[in-house]
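Visitor: Sharing upload-v4.txt, compact mmCIF, N, CA, C and O atoms:
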```txt
# COMPACT_ATOMS: atom_id res chain seq x y z
N GLU A 136 7.08 -182.57 67.13
CA GLU A 136 7.94 -181.52 66.63
C GLU A 136 9.27 -182.12 66.20
O GLU A 136 9.94 -182.79 66.96
N LYS A 137 9.62 -181.89 64.97
CA LYS A 137 10.85 -182.45 64.42
C LYS A 137 11.95 -181.40 64.47
O LYS A 137 11.79 -180.30 63.97
N VAL A 138 13.06 -181.76 65.06
CA VAL A 138 14.19 -180.85 65.17
C VAL A 138 15.29 -181.37 64.26
O VAL A 138 15.67 -182.52 64.33
N SER A 139 15.78 -180.49 63.40
CA SER A 139 16.86 -180.93 62.52
C SER A 139 18.19 -180.51 63.13
O SER A 139 18.35 -179.40 63.59
N GLU A 140 19.11 -181.44 63.14
CA GLU A 140 20.44 -181.15 63.65
C GLU A 140 21.39 -181.02 62.47
O GLU A 140 21.38 -181.85 61.58
N GLN A 141 22.18 -179.97 62.50
CA GLN A 141 23.16 -179.77 61.45
C GLN A 141 24.54 -179.69 62.08
O GLN A 141 24.72 -179.16 63.17
N THR A 142 25.50 -180.20 61.37
CA THR A 142 26.87 -180.12 61.85
C THR A 142 27.41 -178.72 61.61
O THR A 142 26.84 -177.94 60.85
N ASP A 143 28.53 -178.38 62.26
CA ASP A 143 29.18 -177.11 62.00
C ASP A 143 29.48 -176.95 60.52
O ASP A 143 29.30 -175.89 59.95
N ALA A 144 29.96 -178.02 59.91
CA ALA A 144 30.33 -177.94 58.49
C ALA A 144 29.12 -177.59 57.63
O ALA A 144 29.22 -176.78 56.72
N GLN A 145 27.96 -178.17 57.92
CA GLN A 145 26.76 -177.86 57.15
C GLN A 145 26.36 -176.40 57.34
O GLN A 145 26.00 -175.71 56.39
N ASN A 146 26.39 -175.92 58.58
CA ASN A 146 26.05 -174.53 58.84
C ASN A 146 27.01 -173.58 58.17
O ASN A 146 26.60 -172.57 57.58
N ILE A 147 28.29 -173.87 58.23
CA ILE A 147 29.29 -173.01 57.63
C ILE A 147 29.15 -173.01 56.11
O ILE A 147 29.24 -171.98 55.47
N ASN A 148 28.90 -174.18 55.55
CA ASN A 148 28.72 -174.27 54.11
C ASN A 148 27.55 -173.40 53.65
O ASN A 148 27.64 -172.69 52.67
N ARG A 149 26.46 -173.43 54.39
CA ARG A 149 25.28 -172.64 54.05
C ARG A 149 25.59 -171.14 54.13
O ARG A 149 25.21 -170.37 53.26
N VAL A 150 26.30 -170.73 55.16
CA VAL A 150 26.58 -169.32 55.38
C VAL A 150 27.58 -168.76 54.37
O VAL A 150 27.43 -167.67 53.87
N TYR A 151 28.63 -169.54 54.06
CA TYR A 151 29.72 -169.01 53.25
C TYR A 151 29.77 -169.53 51.83
O TYR A 151 30.70 -169.23 51.10
N ALA A 152 28.78 -170.26 51.40
CA ALA A 152 28.82 -170.91 50.09
C ALA A 152 29.10 -169.93 48.96
O ALA A 152 29.85 -170.25 48.04
N ASN A 153 28.55 -168.74 49.00
CA ASN A 153 28.71 -167.80 47.89
C ASN A 153 29.44 -166.53 48.30
O ASN A 153 29.37 -165.53 47.61
N SER A 154 30.17 -166.54 49.41
CA SER A 154 30.77 -165.31 49.90
C SER A 154 32.10 -164.96 49.25
O SER A 154 32.62 -163.89 49.44
N ASP A 155 32.66 -165.87 48.46
CA ASP A 155 33.99 -165.62 47.92
C ASP A 155 34.06 -165.96 46.43
O ASP A 155 34.91 -166.71 46.00
N LYS A 156 33.20 -165.37 45.66
CA LYS A 156 33.17 -165.69 44.23
C LYS A 156 34.40 -165.18 43.49
O LYS A 156 34.81 -165.76 42.51
N ASP A 157 34.99 -164.08 43.98
CA ASP A 157 36.14 -163.52 43.26
C ASP A 157 37.48 -163.94 43.85
O ASP A 157 38.52 -163.51 43.38
N GLY A 158 37.50 -164.77 44.87
CA GLY A 158 38.74 -165.29 45.41
C GLY A 158 39.50 -164.34 46.31
O GLY A 158 40.65 -164.58 46.62
N ASN A 159 38.90 -163.23 46.73
CA ASN A 159 39.60 -162.26 47.55
C ASN A 159 39.47 -162.50 49.05
O ASN A 159 40.09 -161.79 49.83
N ILE A 160 38.67 -163.44 49.46
CA ILE A 160 38.49 -163.72 50.87
C ILE A 160 39.10 -165.08 51.18
O ILE A 160 38.84 -166.06 50.50
N ARG A 161 39.94 -165.10 52.22
CA ARG A 161 40.46 -166.36 52.73
C ARG A 161 39.88 -166.56 54.12
O ARG A 161 39.30 -165.66 54.69
N TYR A 162 40.10 -167.73 54.67
CA TYR A 162 39.58 -168.05 56.00
C TYR A 162 40.71 -168.54 56.88
O TYR A 162 41.70 -169.10 56.40
N MET A 163 40.54 -168.35 58.18
CA MET A 163 41.52 -168.83 59.14
C MET A 163 40.78 -169.51 60.30
O MET A 163 39.77 -169.01 60.77
N LEU A 164 41.30 -170.66 60.71
CA LEU A 164 40.85 -171.28 61.95
C LEU A 164 41.91 -170.95 62.98
O LEU A 164 43.11 -171.16 62.74
N LYS A 165 41.49 -170.40 64.10
CA LYS A 165 42.44 -170.01 65.13
C LYS A 165 41.81 -170.24 66.49
O LYS A 165 40.62 -170.00 66.69
N SER A 166 42.64 -170.71 67.43
CA SER A 166 42.13 -170.98 68.77
C SER A 166 42.46 -169.84 69.72
O SER A 166 43.43 -169.10 69.54
N SER A 167 41.61 -169.73 70.70
CA SER A 167 41.81 -168.82 71.81
C SER A 167 41.40 -169.61 73.05
O SER A 167 40.24 -170.00 73.17
N GLU A 168 42.37 -169.86 73.92
CA GLU A 168 42.17 -170.76 75.05
C GLU A 168 41.79 -172.13 74.49
O GLU A 168 42.53 -172.68 73.71
N GLU A 169 40.62 -172.67 74.83
CA GLU A 169 40.25 -174.00 74.32
C GLU A 169 39.21 -173.94 73.22
O GLU A 169 38.69 -174.96 72.78
N ASN A 170 38.88 -172.75 72.74
CA ASN A 170 37.86 -172.58 71.71
C ASN A 170 38.50 -172.29 70.36
O ASN A 170 39.58 -171.72 70.29
N VAL A 171 37.79 -172.66 69.29
CA VAL A 171 38.28 -172.44 67.93
C VAL A 171 37.29 -171.53 67.20
O VAL A 171 36.08 -171.71 67.30
N TYR A 172 37.85 -170.56 66.48
CA TYR A 172 37.03 -169.57 65.77
C TYR A 172 37.41 -169.53 64.30
O TYR A 172 38.55 -169.79 63.93
N ILE A 173 36.43 -169.14 63.49
CA ILE A 173 36.65 -168.89 62.07
C ILE A 173 36.81 -167.38 61.89
O ILE A 173 36.02 -166.60 62.43
N TYR A 174 37.84 -167.01 61.14
CA TYR A 174 38.04 -165.61 60.78
C TYR A 174 37.99 -165.50 59.27
O TYR A 174 38.46 -166.38 58.57
N LYS A 175 37.42 -164.40 58.78
CA LYS A 175 37.54 -164.05 57.37
C LYS A 175 38.76 -163.15 57.26
O LYS A 175 38.96 -162.26 58.08
N ILE A 176 39.57 -163.38 56.23
CA ILE A 176 40.71 -162.52 55.96
C ILE A 176 40.47 -161.87 54.60
O ILE A 176 40.35 -162.55 53.59
N TYR A 177 40.38 -160.55 54.61
CA TYR A 177 40.07 -159.81 53.39
C TYR A 177 41.34 -159.48 52.61
O TYR A 177 42.45 -159.60 53.12
N ALA A 178 41.17 -159.06 51.36
CA ALA A 178 42.29 -158.76 50.47
C ALA A 178 43.24 -157.73 51.06
O ALA A 178 44.44 -157.78 50.81
N ASP A 179 42.73 -156.80 51.87
CA ASP A 179 43.59 -155.77 52.47
C ASP A 179 44.31 -156.26 53.72
O ASP A 179 45.04 -155.51 54.37
N GLY A 180 44.11 -157.54 54.09
CA GLY A 180 44.78 -158.12 55.25
C GLY A 180 44.00 -158.02 56.55
O GLY A 180 44.40 -158.59 57.56
N SER A 181 42.90 -157.31 56.54
CA SER A 181 42.10 -157.19 57.76
C SER A 181 41.39 -158.51 58.05
O SER A 181 41.13 -159.31 57.14
N LYS A 182 41.10 -158.75 59.34
CA LYS A 182 40.47 -159.99 59.77
C LYS A 182 39.19 -159.68 60.51
O LYS A 182 39.08 -158.67 61.20
N GLU A 183 38.25 -160.61 60.37
CA GLU A 183 36.97 -160.49 61.08
C GLU A 183 36.62 -161.85 61.67
O GLU A 183 36.53 -162.84 60.96
N LYS A 184 36.41 -161.89 62.99
CA LYS A 184 35.98 -163.13 63.64
C LYS A 184 34.50 -163.30 63.29
O LYS A 184 33.70 -162.43 63.55
N VAL A 185 34.16 -164.45 62.70
CA VAL A 185 32.78 -164.64 62.24
C VAL A 185 32.01 -165.74 62.94
O VAL A 185 30.78 -165.70 62.96
N LYS A 186 32.69 -166.72 63.53
CA LYS A 186 31.94 -167.81 64.13
C LYS A 186 32.84 -168.65 65.03
O LYS A 186 33.98 -168.88 64.73
N GLN A 187 32.27 -169.09 66.15
CA GLN A 187 32.94 -170.08 66.98
C GLN A 187 32.54 -171.45 66.47
O GLN A 187 31.38 -171.70 66.15
N VAL A 188 33.52 -172.34 66.36
CA VAL A 188 33.27 -173.69 65.87
C VAL A 188 33.24 -174.63 67.07
O VAL A 188 33.96 -174.44 68.04
N ASN A 189 32.42 -175.65 66.98
CA ASN A 189 32.26 -176.60 68.08
C ASN A 189 33.41 -177.60 68.11
O ASN A 189 33.22 -178.79 67.89
N ILE A 190 34.61 -177.07 68.34
CA ILE A 190 35.82 -177.89 68.45
C ILE A 190 36.53 -177.45 69.71
O ILE A 190 36.75 -176.26 69.92
N ASN A 191 36.88 -178.39 70.56
CA ASN A 191 37.61 -178.08 71.78
C ASN A 191 39.04 -178.58 71.62
O ASN A 191 39.27 -179.72 71.24
N THR A 192 40.00 -177.72 71.92
CA THR A 192 41.41 -178.08 71.72
C THR A 192 42.01 -178.83 72.90
O THR A 192 43.14 -179.29 72.81
N LYS A 193 41.26 -178.98 73.96
CA LYS A 193 41.79 -179.57 75.19
C LYS A 193 42.41 -180.95 74.99
O LYS A 193 43.44 -181.27 75.56
N TYR A 194 41.79 -181.77 74.17
CA TYR A 194 42.25 -183.15 74.00
C TYR A 194 42.99 -183.39 72.68
O TYR A 194 43.24 -184.53 72.30
N MET A 195 43.35 -182.32 71.98
CA MET A 195 44.08 -182.45 70.72
C MET A 195 45.55 -182.75 70.96
O MET A 195 46.10 -182.46 72.02
N ARG A 196 46.18 -183.27 69.91
CA ARG A 196 47.63 -183.43 69.95
C ARG A 196 48.27 -182.05 70.08
O ARG A 196 47.74 -181.05 69.60
N GLU A 197 49.42 -182.01 70.71
CA GLU A 197 50.11 -180.74 70.94
C GLU A 197 50.41 -180.02 69.62
O GLU A 197 50.25 -178.80 69.52
N LEU A 198 50.80 -180.76 68.59
CA LEU A 198 51.10 -180.16 67.29
C LEU A 198 49.87 -179.45 66.72
O LEU A 198 49.96 -178.32 66.21
N ASP A 199 48.71 -180.10 66.80
CA ASP A 199 47.47 -179.49 66.30
C ASP A 199 47.11 -178.25 67.11
O ASP A 199 46.69 -177.23 66.56
N ARG A 200 47.26 -178.33 68.44
CA ARG A 200 46.95 -177.18 69.29
C ARG A 200 47.83 -175.99 68.94
O ARG A 200 47.36 -174.86 68.82
N LYS A 201 49.12 -176.24 68.75
CA LYS A 201 50.05 -175.16 68.43
C LYS A 201 49.73 -174.55 67.06
O LYS A 201 49.80 -173.34 66.88
N SER A 202 49.35 -175.39 66.10
CA SER A 202 48.97 -174.89 64.77
C SER A 202 47.75 -173.98 64.88
O SER A 202 47.71 -172.91 64.26
N LEU A 203 46.77 -174.39 65.67
CA LEU A 203 45.57 -173.58 65.82
C LEU A 203 45.83 -172.30 66.62
O LEU A 203 45.19 -171.29 66.39
N GLU A 204 46.77 -172.34 67.54
CA GLU A 204 47.12 -171.12 68.28
C GLU A 204 47.71 -170.07 67.33
O GLU A 204 47.43 -168.88 67.46
N LYS A 205 48.50 -170.52 66.37
CA LYS A 205 49.09 -169.61 65.38
C LYS A 205 48.06 -169.20 64.33
O LYS A 205 48.12 -168.11 63.78
N GLY A 206 47.13 -170.10 64.05
CA GLY A 206 46.12 -169.87 63.02
C GLY A 206 46.45 -170.63 61.76
O GLY A 206 47.60 -170.62 61.31
N ILE A 207 45.48 -171.29 61.21
CA ILE A 207 45.65 -172.06 59.98
C ILE A 207 44.80 -171.38 58.90
O ILE A 207 43.58 -171.30 59.02
N THR A 208 45.46 -170.88 57.87
CA THR A 208 44.78 -170.15 56.80
C THR A 208 44.51 -171.07 55.63
O THR A 208 45.37 -171.87 55.25
N VAL A 209 43.31 -170.97 55.08
CA VAL A 209 42.94 -171.75 53.90
C VAL A 209 42.41 -170.80 52.82
O VAL A 209 42.00 -169.68 53.11
N LYS A 210 42.44 -171.27 51.57
CA LYS A 210 42.10 -170.42 50.44
C LYS A 210 40.62 -170.27 50.18
O LYS A 210 40.19 -169.29 49.60
N ASN A 211 39.83 -171.28 50.57
CA ASN A 211 38.42 -171.22 50.20
C ASN A 211 37.54 -172.00 51.18
O ASN A 211 38.03 -172.65 52.10
N ASN A 212 36.27 -171.94 50.93
CA ASN A 212 35.26 -172.57 51.77
C ASN A 212 35.45 -174.08 51.84
O ASN A 212 35.32 -174.69 52.90
N GLU A 213 35.77 -174.71 50.71
CA GLU A 213 35.96 -176.17 50.69
C GLU A 213 37.10 -176.60 51.60
O GLU A 213 36.98 -177.56 52.35
N GLU A 214 38.23 -175.89 51.54
CA GLU A 214 39.36 -176.21 52.40
C GLU A 214 39.00 -175.98 53.87
O GLU A 214 39.41 -176.75 54.74
N LEU A 215 38.23 -174.93 54.13
CA LEU A 215 37.79 -174.65 55.50
C LEU A 215 36.95 -175.80 56.04
O LEU A 215 37.16 -176.29 57.15
N LEU A 216 36.00 -176.26 55.25
CA LEU A 216 35.14 -177.36 55.67
C LEU A 216 35.93 -178.64 55.92
O LEU A 216 35.70 -179.34 56.90
N CYS A 217 36.89 -178.93 55.05
CA CYS A 217 37.74 -180.13 55.24
C CYS A 217 38.54 -180.02 56.53
O CYS A 217 38.64 -180.99 57.29
N LEU A 218 39.09 -178.85 56.79
CA LEU A 218 39.88 -178.64 57.99
C LEU A 218 39.02 -178.81 59.24
O LEU A 218 39.42 -179.49 60.20
N ILE A 219 37.83 -178.26 59.23
CA ILE A 219 36.92 -178.38 60.38
C ILE A 219 36.55 -179.84 60.59
O ILE A 219 36.55 -180.33 61.72
N GLU A 220 36.25 -180.53 59.52
CA GLU A 220 35.89 -181.95 59.66
C GLU A 220 37.06 -182.78 60.19
O GLU A 220 36.87 -183.67 61.00
N ASP A 221 38.28 -182.46 59.75
CA ASP A 221 39.46 -183.16 60.25
C ASP A 221 39.62 -182.98 61.76
O ASP A 221 39.89 -183.94 62.49
N PHE A 222 39.43 -181.77 62.23
CA PHE A 222 39.59 -181.50 63.65
C PHE A 222 38.40 -181.98 64.48
O PHE A 222 38.51 -182.17 65.68
N SER A 223 37.26 -182.17 63.83
CA SER A 223 36.06 -182.60 64.54
C SER A 223 36.00 -184.10 64.75
O SER A 223 35.25 -184.60 65.57
N SER A 224 36.78 -184.85 63.97
CA SER A 224 36.69 -186.31 64.07
C SER A 224 37.77 -186.91 64.92
O SER A 224 38.63 -186.30 65.42
```
If you took the structure in this file and wrote it as structure tokens, what would it be?
Guide:
Amino acid sequence: EKVSEQTDAQNINRVYANSDKDGNIRYMLKSSEENVYIYKIYADGSKEKVKQVNINTKYMRELDRKSLEKGITVKNNEELLCLIEDFSS
């Protein structure tokens, strides 16, 4: 039995690849305690928590932890993936 392993970035790319064709949806990475979540931010300003990302803030630099506590907003899926990869490495 062959099991395929995908990174968070691959899973997120698959899920959100076509969700923002008109540019009205932004994304936010935000931490709660030691966990990091992805939020969709809609044009009306409402937010929806959509996924927990496999990133633990426990061993991050204080500056990164504080940024994630406030929330880091990005314009599109590509920026979201880059941000996740930066925090994952």
Visitor: Give me, please, the distance in Å between CA of Arg161 in chain A and CA of Val209 in chain A, quoted to one decimal.
Guide: 6.0 Å
Visitor: Please, what distance in Å, to one decimal, runs between atom C of Lys210 in chain A and atom N of Tyr162 in chain A?
Guide: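 Atom-to-atom, atom C of Lys210 in chain A and atom N of Tyr162 in chain A are spaced 5.2 Å apart.
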Visitor: Just to confirm, what's the straight-line distance from CA of Leu218 in chain A to atom O of Gly180 in chain A in Å (one decimal)?
Guide: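 The value is 20.6 Å.
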Visitor: So, counting only C-alpha atoms, which residue among A:Ile190, A:Val185, A:Ile160, A:Ile173 is closest to Asn211 in chain A?
Guide: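 Residue with the minimum atom-to-atom distance to Asn211 in chain A: A:Ile160.
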Visitor: With all atoms listed in the file as the atoms that count, which of A:Lys165, A:Tyr174, A:Leu216, A:Ser181 lies nearest to Ser202 in chain A?
Guide: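 Checking each of A:Lys165, A:Tyr174, A:Leu216, A:Ser181 against Ser202 in chain A, counting all atoms listed in the file, the winner is A:Lys165.
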